[in-house]
Structures are given as C-alpha cells and as structure tokens.
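Peer 1: Below is the file target.cif, which contains mmCIF, C-alpha atoms and all ligand atoms.
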```cif
data_target
#
loop_
_atom_site.label_atom_id
_atom_site.label_comp_id
_atom_site.auth_asym_id
_atom_site.auth_seq_id
_atom_site.Cartn_x
_atom_site.Cartn_y
_atom_site.Cartn_z
CA MET A 1 -82.95 20.65 73.70
CA VAL A 2 -81.97 21.07 70.09
CA GLN A 3 -79.92 24.06 68.96
CA SER A 4 -81.54 26.60 66.70
CA TYR A 5 -80.28 28.37 63.63
CA PHE A 6 -80.76 31.73 65.19
CA GLU A 7 -79.80 32.96 68.57
CA GLY A 8 -82.39 34.54 70.76
CA GLU A 9 -85.23 33.25 72.76
CA ASN A 10 -87.65 30.61 71.63
CA PRO A 11 -91.27 31.62 71.94
CA ASP A 12 -92.71 30.49 75.20
CA SER A 13 -95.84 28.39 75.37
CA ASP A 14 -98.17 31.37 75.57
CA GLU A 15 -96.76 32.86 72.42
CA MET A 16 -97.21 29.55 70.61
CA ASP A 17 -100.95 30.11 70.68
CA GLN A 18 -100.60 33.31 68.70
CA GLU A 19 -100.61 33.85 64.97
CA TYR A 20 -97.13 33.73 63.51
CA PRO A 21 -95.98 35.10 60.19
CA TYR A 22 -95.39 32.60 57.42
CA ASN A 23 -92.29 30.49 57.92
CA PHE A 24 -91.60 31.70 61.43
CA VAL A 25 -90.57 28.20 62.46
CA ALA A 26 -87.72 28.17 59.93
CA HIS A 27 -85.88 30.13 62.59
CA LEU A 28 -86.41 27.36 65.09
CA LEU A 29 -85.27 24.41 63.01
CA PRO A 30 -82.35 22.34 64.21
CA VAL A 31 -78.89 22.94 62.81
CA PRO A 32 -78.13 20.53 59.95
CA ASN A 33 -75.79 17.70 60.89
CA LEU A 34 -74.83 14.21 59.78
CA GLU A 35 -78.11 12.81 61.06
CA TRP A 36 -80.39 14.63 58.73
CA SER A 37 -80.68 16.84 55.69
CA PRO A 38 -83.53 19.09 54.59
CA LEU A 39 -86.14 17.87 52.15
CA ASN A 40 -84.76 18.17 48.64
CA ILE A 41 -88.00 17.54 46.71
CA ASP A 42 -90.67 19.98 45.64
CA ILE A 43 -94.01 18.59 46.71
CA THR A 44 -95.61 19.69 43.45
CA GLU A 45 -93.19 17.56 41.43
CA TYR A 46 -92.54 14.65 43.69
CA LEU A 47 -94.71 11.98 42.12
CA TYR A 48 -92.20 9.54 40.74
CA ARG A 49 -94.08 8.58 37.68
CA GLU A 50 -92.19 5.34 37.22
CA THR A 51 -93.68 4.00 40.45
CA ILE A 52 -97.24 4.89 39.42
CA ARG A 53 -99.03 2.02 37.72
CA PRO A 54 -102.01 2.59 35.47
CA VAL A 55 -105.08 1.66 37.50
CA GLU A 56 -108.65 1.23 36.36
CA GLY A 57 -111.53 0.73 38.73
CA LYS A 58 -111.55 0.65 42.50
CA MET A 59 -108.51 1.38 44.65
CA VAL A 60 -107.58 0.87 48.28
CA ALA A 61 -104.41 2.02 50.01
CA LEU A 62 -103.31 -0.30 52.80
CA THR A 63 -101.01 1.59 55.18
CA PHE A 64 -98.88 0.13 57.94
CA ASP A 65 -97.39 2.23 60.74
CA ASP A 66 -94.81 1.73 63.48
CA GLY A 67 -92.54 -0.76 61.68
CA PRO A 68 -90.37 -1.98 60.23
CA GLY A 69 -90.47 -4.98 62.49
CA TRP A 70 -90.30 -8.74 62.75
CA TYR A 71 -93.60 -9.29 60.92
CA THR A 72 -92.91 -6.87 58.08
CA VAL A 73 -91.15 -9.63 56.14
CA GLN A 74 -94.22 -11.90 56.32
CA LEU A 75 -96.41 -9.06 55.13
CA LEU A 76 -94.09 -8.40 52.20
CA ASP A 77 -94.35 -12.08 51.21
CA ILE A 78 -98.13 -11.75 51.07
CA LEU A 79 -98.02 -8.50 49.11
CA GLU A 80 -95.56 -10.03 46.66
CA GLU A 81 -97.66 -13.15 46.21
CA TYR A 82 -100.67 -11.06 45.15
CA ASP A 83 -98.72 -8.38 43.29
CA ALA A 84 -100.23 -5.87 45.70
CA ARG A 85 -98.68 -2.68 47.03
CA ALA A 86 -98.90 -0.92 50.37
CA THR A 87 -97.42 2.08 52.13
CA PHE A 88 -95.26 1.81 55.22
CA PHE A 89 -94.98 4.73 57.63
CA VAL A 90 -91.88 3.69 59.48
CA GLN A 91 -90.54 4.74 62.86
CA GLY A 92 -87.03 6.11 62.50
CA ASP A 93 -85.46 4.41 65.50
CA ARG A 94 -86.65 0.99 64.26
CA ILE A 95 -85.17 1.31 60.79
CA SER A 96 -81.58 0.22 61.36
CA GLU A 97 -82.33 -3.17 62.90
CA ASN A 98 -84.93 -3.96 60.22
CA SER A 99 -83.49 -2.11 57.27
CA ALA A 100 -83.48 -5.17 54.99
CA ALA A 101 -87.27 -5.40 55.21
CA MET A 102 -87.63 -1.71 54.40
CA VAL A 103 -85.31 -1.97 51.39
CA ARG A 104 -87.19 -5.01 50.11
CA ALA A 105 -90.50 -3.19 50.55
CA VAL A 106 -89.32 -0.46 48.19
CA GLU A 107 -87.84 -2.96 45.73
CA LEU A 108 -91.24 -4.64 45.51
CA GLY A 109 -92.88 -1.33 44.61
CA ASN A 110 -94.25 -0.44 48.03
CA GLU A 111 -93.96 3.06 49.37
CA VAL A 112 -92.07 4.06 52.51
CA ALA A 113 -92.40 7.35 54.35
CA GLY A 114 -91.75 8.57 57.87
CA HIS A 115 -93.82 8.27 61.04
CA SER A 116 -91.47 10.22 63.34
CA TRP A 117 -88.24 9.00 64.94
CA THR A 118 -89.49 8.05 68.43
CA HIS A 119 -93.29 8.05 67.97
CA ALA A 120 -93.52 11.18 70.09
CA ASN A 121 -96.73 13.17 70.05
CA PHE A 122 -95.67 16.16 67.98
CA THR A 123 -98.13 18.50 69.67
CA GLY A 124 -96.04 18.19 72.85
CA LEU A 125 -92.70 18.97 71.23
CA GLU A 126 -90.76 22.12 70.51
CA PRO A 127 -90.68 22.98 66.80
CA ALA A 128 -86.99 22.07 66.53
CA GLU A 129 -87.57 18.69 68.18
CA MET A 130 -90.45 17.95 65.86
CA ALA A 131 -88.43 19.00 62.82
CA GLU A 132 -85.65 16.65 63.82
CA GLU A 133 -88.10 13.74 64.28
CA ILE A 134 -89.32 14.20 60.71
CA LEU A 135 -86.05 15.00 58.99
CA ARG A 136 -83.94 12.34 60.68
CA THR A 137 -86.41 9.61 59.72
CA SER A 138 -86.84 10.87 56.19
CA THR A 139 -83.07 11.15 55.70
CA LEU A 140 -82.43 7.60 56.94
CA ILE A 141 -85.15 6.19 54.65
CA GLU A 142 -83.48 7.91 51.73
CA ARG A 143 -80.04 6.59 52.69
CA TYR A 144 -81.31 3.01 52.68
CA THR A 145 -83.75 3.13 49.78
CA GLY A 146 -82.80 6.13 47.68
CA VAL A 147 -86.36 7.41 47.99
CA ARG A 148 -87.70 10.35 49.95
CA ARG A 149 -91.32 11.38 50.12
CA PRO A 150 -92.50 14.92 50.94
CA PHE A 151 -95.08 13.55 53.33
CA TYR A 152 -95.22 11.76 56.66
CA ARG A 153 -97.86 10.41 59.02
CA ALA A 154 -98.04 12.10 62.41
CA PRO A 155 -97.86 9.78 65.45
CA PHE A 156 -101.38 9.30 66.85
CA GLY A 157 -102.58 11.50 63.98
CA ALA A 158 -101.98 14.38 66.39
CA ILE A 159 -101.86 17.65 64.46
CA ASP A 160 -102.25 21.20 65.75
CA ASP A 161 -101.33 24.67 64.45
CA MET A 162 -97.69 24.31 65.43
CA VAL A 163 -97.43 20.91 63.71
CA GLU A 164 -98.94 22.38 60.56
CA GLN A 165 -96.59 25.35 60.58
CA VAL A 166 -93.45 23.29 61.15
CA SER A 167 -94.53 20.86 58.43
CA ARG A 168 -95.11 23.73 56.04
CA ALA A 169 -91.71 25.22 56.80
CA LEU A 170 -90.09 21.84 56.13
CA GLY A 171 -92.07 21.27 52.92
CA TYR A 172 -93.98 18.21 54.13
CA ALA A 173 -97.65 17.29 53.97
CA MET A 174 -99.31 14.86 56.38
CA ILE A 175 -101.16 11.69 55.40
CA GLY A 176 -104.10 10.50 57.47
CA TRP A 177 -106.57 7.69 56.88
CA THR A 178 -110.23 7.03 56.14
CA MET A 179 -110.59 3.71 57.95
CA ASP A 180 -109.15 2.76 61.34
CA ILE A 181 -109.77 -0.86 62.31
CA LEU A 182 -107.95 -0.53 65.66
CA ASP A 183 -105.84 -3.58 64.91
CA TRP A 184 -103.46 -2.68 67.76
CA TYR A 185 -106.33 -2.72 70.23
CA HIS A 186 -108.30 -5.78 69.16
CA LEU A 187 -105.40 -8.02 68.06
CA ASP A 188 -108.11 -10.12 66.43
CA SER A 189 -107.59 -11.17 62.80
CA ASP A 190 -111.15 -12.28 62.30
CA LYS A 191 -112.55 -8.98 63.54
CA MET A 192 -110.18 -7.00 61.32
CA TYR A 193 -111.17 -9.05 58.30
CA HIS A 194 -114.85 -8.42 58.86
CA GLN A 195 -114.41 -4.73 59.60
CA ILE A 196 -112.68 -4.26 56.27
CA VAL A 197 -114.90 -6.58 54.23
CA ASP A 198 -118.08 -5.01 55.62
CA ASN A 199 -117.03 -1.36 55.31
CA VAL A 200 -114.38 -0.84 52.62
CA ARG A 201 -115.09 1.64 49.86
CA ASP A 202 -113.30 2.84 46.76
CA GLY A 203 -110.50 5.23 47.70
CA ASP A 204 -110.14 4.16 51.31
CA ILE A 205 -106.85 4.57 53.16
CA ILE A 206 -106.79 1.89 55.84
CA LEU A 207 -104.68 2.43 58.95
CA MET A 208 -102.95 -0.66 60.34
CA HIS A 209 -99.69 -1.65 62.02
CA ASP A 210 -97.22 -4.23 60.71
CA ILE A 211 -95.84 -5.00 64.16
CA TYR A 212 -98.66 -7.36 65.21
CA GLU A 213 -98.94 -10.96 64.04
CA SER A 214 -102.75 -10.75 64.09
CA THR A 215 -102.66 -7.93 61.54
CA ILE A 216 -100.49 -9.98 59.19
CA ILE A 217 -102.79 -13.00 59.54
CA ALA A 218 -105.76 -10.78 58.71
CA MET A 219 -103.95 -9.59 55.58
CA GLU A 220 -103.61 -13.18 54.36
CA HIS A 221 -107.38 -13.10 53.93
CA VAL A 222 -108.11 -9.41 53.35
CA ILE A 223 -105.71 -8.94 50.43
CA PRO A 224 -107.05 -11.77 48.23
CA TRP A 225 -110.62 -10.75 49.11
CA LEU A 226 -110.03 -7.14 48.00
CA ILE A 227 -108.46 -8.30 44.75
CA GLU A 228 -111.33 -10.70 44.13
CA GLU A 229 -113.73 -7.77 44.64
CA GLY A 230 -111.95 -5.78 41.95
CA TYR A 231 -109.81 -3.47 44.09
CA THR A 232 -106.28 -2.58 43.10
CA LEU A 233 -104.07 -2.25 46.17
CA VAL A 234 -102.16 0.96 45.60
CA THR A 235 -99.58 3.12 47.32
CA ILE A 236 -100.46 6.54 48.69
CA SER A 237 -98.72 8.17 45.73
CA GLU A 238 -100.72 6.06 43.29
CA LEU A 239 -103.93 6.97 45.10
CA LEU A 240 -103.06 10.68 44.98
CA TYR A 241 -102.05 10.50 41.34
CA HIS A 242 -105.16 8.71 40.12
CA ASN A 243 -107.46 10.97 42.15
CA GLU A 244 -105.59 14.09 41.00
CA VAL A 245 -104.86 15.16 44.56
CA GLN A 246 -102.16 17.78 44.98
CA LEU A 247 -100.58 17.67 48.41
CA VAL A 248 -99.89 20.98 50.13
CA PRO A 249 -97.07 21.46 52.67
CA GLY A 250 -98.46 21.79 56.17
CA LYS A 251 -101.83 20.31 55.20
CA ALA A 252 -103.16 16.84 55.97
CA PHE A 253 -104.72 14.55 53.39
CA PRO A 254 -107.46 13.42 53.56
ZN ZN B 301 -97.96 4.97 65.07
#
```
Represent the structure from my file as structure tokens, please.
Peer 2:
Amino acid sequence: MVQSYFEGENPDSDEMDQEYPYNFVAHLLPVPNLEWSPLNIDITEYLYRETIRPVEGKMVALTFDDGPGWYTVQLLDILEEYDARATFFVQGDRISENSAAMVRAVELGNEVAGHSWTHANFTGLEPAEMAEEILRTSTLIERYTGVRRPFYRAPFGAIDDMVEQVSRALGYAMIGWTMDILDWYHLDSDKMYHQIVDNVRDGDIILMHDIYESTIIAMEHVIPWLIEEGYTLVTISELLYHNEVQLVPGKAFP
C-alpha cells in the first residue's frame, strides 16, 4: 500500500462509486520519491514541434505496446529502413533491461510513452497505486530519453471513472486505438498483414505488440505496403498535430 500525501482514511470501495469534487484524487497520490516525479509538461503545450514532420496525404499511426523487448531492435531496423515512425507504449518494469532499444527508438524519431509499470489493470488499483504506475514509468522514460509525454495507454484499454479522475489529477490523457488486429492472440504474420491491408483507413491508430516475432515479420510486409499506398507512418503526436486534436487530461483519444 502506497503512502498518501494526506493523513486520514482513503475512501472505501463504496465511496469510489460516488461523484467526487474535481481533483479529489490529488489527496491520494503517492509521496514523491526518487522513483518518480510529477508531470512537468502542460498538455496544451506539449507538442514538440521539432519532432513533427510536415505530412501531406494519408497517415497511419503504428503503435506497439508491452515492450521494449528482444524484438524491438528488429522492428527499429525495419522502421529505419523505410524512414517510418511508430509509437511505443512501454512497460516500466521492462525498460531497464532493454533501455538501449528505447533510446534508439527516440533517436530515430519514434515516440515513446508509458503503458503502466507492471501492466496492472488500473480499474482494480487504488488511486495512489495507479498514479505510481504511470509516474514511475513516465519518469524512467524521461531519464533515459529526455522526453516525457503527457499521455499514456492504459493496460487492456481498461478505463473507468476512477482512472479518468486520477489521470486528470496527474495531467495525463489516455491514447486508445482504432484498429486491433489481435496480434498477441493469432501470432500469425500473414493474418495480420491481410487484416491491415484489407481494412486500414486514413487516420487509423493500429494496436500491436513488439514482443512477438510474428508481429515483426508482419511489419516487414505491412510497412512497405502502407508506404506504397501513399500512407505516411506517423507518431501519435504527429497524428494529433495534423488532425488538430487537443488532448484533455483524464480523457481518452480517440
Ligand atoms: Zn499491454
């Protein structure tokens, strides 16, 4: 159980169903320590313009969760070969042993943001535990890459009122997806390729995982196909910027 800023009792589970005043969870956030620091970026100003390329025509954001891992390096080779970018939603407790891949991802122009520390379902956590999952991951990404994003992707995409309120108190928005090819379930490169080729549309955010070899093999074919079809493979920030989307703390996009 994580300590709280304020003494007194945490709301019990019944009270969690009630309406709380704005920012009530700020009182339940963990005490700052060496492991994490609060978000130091205003979400309305965060777009680092130097990472945003001019893009004309169709865009797709490839997103990879649950890494960095063994196969991340292979994926980066493919992205580099085609001058394509992607976004990595990394799991905090996997960063240290694969930090070189994460640093290289950012150096190549890819985007890295958090996907929790332990891949816990946030809807089952106390606010302070959830806050620590987000902040610890975000802080470690910044220590390795110098970059911190005011958004994260929730494990399992699981978001409820409490998750929204804690995110809002911390200043983070959530990023979802528009296409889920269930790469982790099928483990079938051919199937993934056809799902994307048959269904992709301008502006899609495709959910995948860079911890499976089959996903990387699929990307060897998907990435050149998308480029051939006129898509620019963009980061989440590039997609937001070019579609004039303003993220809001505590809200999920799309
Ligand atoms: Zn995940």
Peer 1: I'd like the neighbourhood of Leu187 (chain A) as JSON, numbers by chain, where a residue qualifies if any of its atoms comes within 7 Å (using all atoms listed in the file), though same-chain residues fewer than 3 positions away should be ignored.
Peer 2: {"A": [183, 184, 214]}
Peer 1: Ligand ZN 301 (chain B): which residues are within 9 Å, counting only C-alpha atoms and all ligand atoms? Reply as a ChimeraX atom specification.
Peer 2: /A:64-67,89-91,115-116,119,153-157,208-209
Peer 1: What is the distance between CA of Arg104 (chain A) and CA of Ile43 (chain A), in Å to one decimal?
Peer 2: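 So the two atoms, CA of Arg104 (chain A) and CA of Ile43 (chain A), lie 24.8 Å apart.
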Peer 1: Please, what distance in Å, to one decimal, runs between CA of Glu56 (chain A) and CA of Asn243 (chain A)?
Peer 2: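 The value is 11.4 Å.
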Peer 1: Using all atoms listed in the file, which of the listed residues (A:Ile217, A:Val163, A:Leu233, A:Trp177) sits closest to Ser189 (chain A)?
Peer 2: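 Between A:Ile217, A:Val163, A:Leu233, A:Trp177, the residue approaching Ser189 (chain A) most closely is A:Ile217.
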Peer 1: As a ChimeraX atom specification, please: the residues near Val248 (chain A) (cut-off 9 Å, all atoms listed in the file, same-chain neighbours under 5 positions excluded).
Peer 2: /A:43-44,168,171-174,253
Peer 1: Skip Ala61 (chain A) itself and residues of its chain fewer than 6 positions away, then list as a PyMOL selection string all residues within 12 Å of it, counting only C-alpha atoms.
Peer 2: chain A and resi 84-88+110-111+175-179+200-208+223+226+231-240+242
Peer 1: Export, as a PDB file, keeping the file's coordinate frame, the selected residues with C-alpha atoms.
Peer 2:
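Contents of the output file again.pdb:
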```pdb
ATOM      1  CA  ALA A  84    -100.230  -5.870  45.700  1.00  0.00           C
ATOM      2  CA  ARG A  85     -98.680  -2.680  47.030  1.00  0.00           C
ATOM      3  CA  ALA A  86     -98.900  -0.920  50.370  1.00  0.00           C
ATOM      4  CA  THR A  87     -97.420   2.080  52.130  1.00  0.00           C
ATOM      5  CA  PHE A  88     -95.260   1.810  55.220  1.00  0.00           C
ATOM      6  CA  ASN A 110     -94.250  -0.440  48.030  1.00  0.00           C
ATOM      7  CA  GLU A 111     -93.960   3.060  49.370  1.00  0.00           C
ATOM      8  CA  ILE A 175    -101.160  11.690  55.400  1.00  0.00           C
ATOM      9  CA  GLY A 176    -104.100  10.500  57.470  1.00  0.00           C
ATOM     10  CA  TRP A 177    -106.570   7.690  56.880  1.00  0.00           C
ATOM     11  CA  THR A 178    -110.230   7.030  56.140  1.00  0.00           C
ATOM     12  CA  MET A 179    -110.590   3.710  57.950  1.00  0.00           C
ATOM     13  CA  VAL A 200    -114.380  -0.840  52.620  1.00  0.00           C
ATOM     14  CA  ARG A 201    -115.090   1.640  49.860  1.00  0.00           C
ATOM     15  CA  ASP A 202    -113.300   2.840  46.760  1.00  0.00           C
ATOM     16  CA  GLY A 203    -110.500   5.230  47.700  1.00  0.00           C
ATOM     17  CA  ASP A 204    -110.140   4.160  51.310  1.00  0.00           C
ATOM     18  CA  ILE A 205    -106.850   4.570  53.160  1.00  0.00           C
ATOM     19  CA  ILE A 206    -106.790   1.890  55.840  1.00  0.00           C
ATOM     20  CA  LEU A 207    -104.680   2.430  58.950  1.00  0.00           C
ATOM     21  CA  MET A 208    -102.950  -0.660  60.340  1.00  0.00           C
ATOM     22  CA  ILE A 223    -105.710  -8.940  50.430  1.00  0.00           C
ATOM     23  CA  LEU A 226    -110.030  -7.140  48.000  1.00  0.00           C
ATOM     24  CA  TYR A 231    -109.810  -3.470  44.090  1.00  0.00           C
ATOM     25  CA  THR A 232    -106.280  -2.580  43.100  1.00  0.00           C
ATOM     26  CA  LEU A 233    -104.070  -2.250  46.170  1.00  0.00           C
ATOM     27  CA  VAL A 234    -102.160   0.960  45.600  1.00  0.00           C
ATOM     28  CA  THR A 235     -99.580   3.120  47.320  1.00  0.00           C
ATOM     29  CA  ILE A 236    -100.460   6.540  48.690  1.00  0.00           C
ATOM     30  CA  SER A 237     -98.720   8.170  45.730  1.00  0.00           C
ATOM     31  CA  GLU A 238    -100.720   6.060  43.290  1.00  0.00           C
ATOM     32  CA  LEU A 239    -103.930   6.970  45.100  1.00  0.00           C
ATOM     33  CA  LEU A 240    -103.060  10.680  44.980  1.00  0.00           C
ATOM     34  CA  HIS A 242    -105.160   8.710  40.120  1.00  0.00           C
TER      35      HIS A 242
END
```
Peer 1: With distances taken over all atoms listed in the file, which of A:Thr51, A:Thr72, A:Gln246, A:Thr215 is nearest to Gly109 (chain A)?
Peer 2: A:Thr51
Peer 1: Can you find the residues with an atom no farther than 12 Å from (-85.8, 19.2, 51.9), counting all atoms listed in the file, and report them as a PDB file with C-alpha atoms, in the coordinates of the input?
Peer 2:
```
ATOM      1  CA  PRO A  32     -78.130  20.530  59.950  1.00  0.00           C
ATOM      2  CA  TRP A  36     -80.390  14.630  58.730  1.00  0.00           C
ATOM      3  CA  SER A  37     -80.680  16.840  55.690  1.00  0.00           C
ATOM      4  CA  PRO A  38     -83.530  19.090  54.590  1.00  0.00           C
ATOM      5  CA  LEU A  39     -86.140  17.870  52.150  1.00  0.00           C
ATOM      6  CA  ASN A  40     -84.760  18.170  48.640  1.00  0.00           C
ATOM      7  CA  ILE A  41     -88.000  17.540  46.710  1.00  0.00           C
ATOM      8  CA  ASP A  42     -90.670  19.980  45.640  1.00  0.00           C
ATOM      9  CA  ILE A  43     -94.010  18.590  46.710  1.00  0.00           C
ATOM     10  CA  TYR A  46     -92.540  14.650  43.690  1.00  0.00           C
ATOM     11  CA  ALA A 131     -88.430  19.000  62.820  1.00  0.00           C
ATOM     12  CA  ILE A 134     -89.320  14.200  60.710  1.00  0.00           C
ATOM     13  CA  LEU A 135     -86.050  15.000  58.990  1.00  0.00           C
ATOM     14  CA  ARG A 136     -83.940  12.340  60.680  1.00  0.00           C
ATOM     15  CA  SER A 138     -86.840  10.870  56.190  1.00  0.00           C
ATOM     16  CA  THR A 139     -83.070  11.150  55.700  1.00  0.00           C
ATOM     17  CA  GLU A 142     -83.480   7.910  51.730  1.00  0.00           C
ATOM     18  CA  ARG A 148     -87.700  10.350  49.950  1.00  0.00           C
ATOM     19  CA  ARG A 149     -91.320  11.380  50.120  1.00  0.00           C
ATOM     20  CA  PRO A 150     -92.500  14.920  50.940  1.00  0.00           C
ATOM     21  CA  PHE A 151     -95.080  13.550  53.330  1.00  0.00           C
ATOM     22  CA  SER A 167     -94.530  20.860  58.430  1.00  0.00           C
ATOM     23  CA  ARG A 168     -95.110  23.730  56.040  1.00  0.00           C
ATOM     24  CA  ALA A 169     -91.710  25.220  56.800  1.00  0.00           C
ATOM     25  CA  LEU A 170     -90.090  21.840  56.130  1.00  0.00           C
ATOM     26  CA  GLY A 171     -92.070  21.270  52.920  1.00  0.00           C
ATOM     27  CA  TYR A 172     -93.980  18.210  54.130  1.00  0.00           C
ATOM     28  CA  PRO A 249     -97.070  21.460  52.670  1.00  0.00           C
TER      29      PRO A 249
END
```
Peer 1: Between CA of Gly92 (chain A) and CA of Ala218 (chain A), what distance in Å does the model show, to one decimal?
Peer 2: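 These atoms are spaced 25.5 Å apart.
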Peer 1: Would you mind telling me which residue in A:Ile141, A:Glu164, A:Ile227, A:Ile78 lies nearest to Lys58 (chain A) when using all atoms listed in the file?
Peer 2: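 The shortest atom-to-atom distance to Lys58 (chain A) comes from A:Ile227.
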Peer 1: Of the candidates A:Gly69, A:Glu35, A:Glu228, A:Ala101, which one gets nearest to Leu140 (chain A) if we count only C-alpha atoms?
Peer 2: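 Ranking A:Gly69, A:Glu35, A:Glu228, A:Ala101 by distance to Leu140 (chain A), first place goes to A:Glu35.
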Peer 1: Would you please work out which residue, of A:Trp225, A:Trp117, A:Tyr152, A:Tyr241, is nearest to Arg94 (chain A) when using all atoms listed in the file?
Peer 2: A:Trp117
Peer 1: Pick from A:His221, A:Arg53, A:His186, A:Lys251: nearest to Tyr82 (chain A), with only C-alpha atoms counted?
Peer 2: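 Of A:His221, A:Arg53, A:His186, A:Lys251, the one nearest Tyr82 (chain A), counting only C-alpha atoms, is A:His221.
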Peer 1: Since fewer atoms than expected are present, regenerate N, CA and C atoms for region 93-105 of chain A and write them as a PDB file, in the frame of the given file.
Peer 2:
```
ATOM      1  N   ASP A  93     -86.390   5.144  64.647  1.00  0.00           N
ATOM      2  CA  ASP A  93     -85.460   4.410  65.500  1.00  0.00           C
ATOM      3  C   ASP A  93     -85.630   2.894  65.389  1.00  0.00           C
ATOM      4  N   ARG A  94     -86.529   2.432  64.521  1.00  0.00           N
ATOM      5  CA  ARG A  94     -86.650   0.990  64.260  1.00  0.00           C
ATOM      6  C   ARG A  94     -86.061   0.606  62.907  1.00  0.00           C
ATOM      7  N   ILE A  95     -85.602   1.597  62.160  1.00  0.00           N
ATOM      8  CA  ILE A  95     -85.170   1.310  60.790  1.00  0.00           C
ATOM      9  C   ILE A  95     -83.911   0.458  60.771  1.00  0.00           C
ATOM     10  N   SER A  96     -82.891   0.852  61.531  1.00  0.00           N
ATOM     11  CA  SER A  96     -81.580   0.220  61.360  1.00  0.00           C
ATOM     12  C   SER A  96     -81.614  -1.280  61.600  1.00  0.00           C
ATOM     13  N   GLU A  97     -82.353  -1.725  62.622  1.00  0.00           N
ATOM     14  CA  GLU A  97     -82.330  -3.170  62.900  1.00  0.00           C
ATOM     15  C   GLU A  97     -83.241  -3.950  61.963  1.00  0.00           C
ATOM     16  N   ASN A  98     -84.061  -3.266  61.175  1.00  0.00           N
ATOM     17  CA  ASN A  98     -84.930  -3.960  60.220  1.00  0.00           C
ATOM     18  C   ASN A  98     -84.827  -3.342  58.830  1.00  0.00           C
ATOM     19  N   SER A  99     -83.644  -2.859  58.529  1.00  0.00           N
ATOM     20  CA  SER A  99     -83.490  -2.110  57.270  1.00  0.00           C
ATOM     21  C   SER A  99     -83.701  -3.004  56.054  1.00  0.00           C
ATOM     22  N   ALA A 100     -83.348  -4.286  56.156  1.00  0.00           N
ATOM     23  CA  ALA A 100     -83.480  -5.170  54.990  1.00  0.00           C
ATOM     24  C   ALA A 100     -84.938  -5.265  54.560  1.00  0.00           C
ATOM     25  N   ALA A 101     -85.842  -5.330  55.538  1.00  0.00           N
ATOM     26  CA  ALA A 101     -87.270  -5.400  55.210  1.00  0.00           C
ATOM     27  C   ALA A 101     -87.713  -4.126  54.512  1.00  0.00           C
ATOM     28  N   MET A 102     -87.222  -2.986  54.994  1.00  0.00           N
ATOM     29  CA  MET A 102     -87.630  -1.710  54.400  1.00  0.00           C
ATOM     30  C   MET A 102     -87.104  -1.597  52.969  1.00  0.00           C
ATOM     31  N   VAL A 103     -85.881  -2.018  52.746  1.00  0.00           N
ATOM     32  CA  VAL A 103     -85.310  -1.970  51.390  1.00  0.00           C
ATOM     33  C   VAL A 103     -86.093  -2.886  50.461  1.00  0.00           C
ATOM     34  N   ARG A 104     -86.431  -4.079  50.943  1.00  0.00           N
ATOM     35  CA  ARG A 104     -87.190  -5.010  50.110  1.00  0.00           C
ATOM     36  C   ARG A 104     -88.577  -4.457  49.797  1.00  0.00           C
ATOM     37  N   ALA A 105     -89.178  -3.792  50.770  1.00  0.00           N
ATOM     38  CA  ALA A 105     -90.500  -3.190  50.550  1.00  0.00           C
ATOM     39  C   ALA A 105     -90.463  -2.250  49.351  1.00  0.00           C
TER      40      ALA A 105
END
```
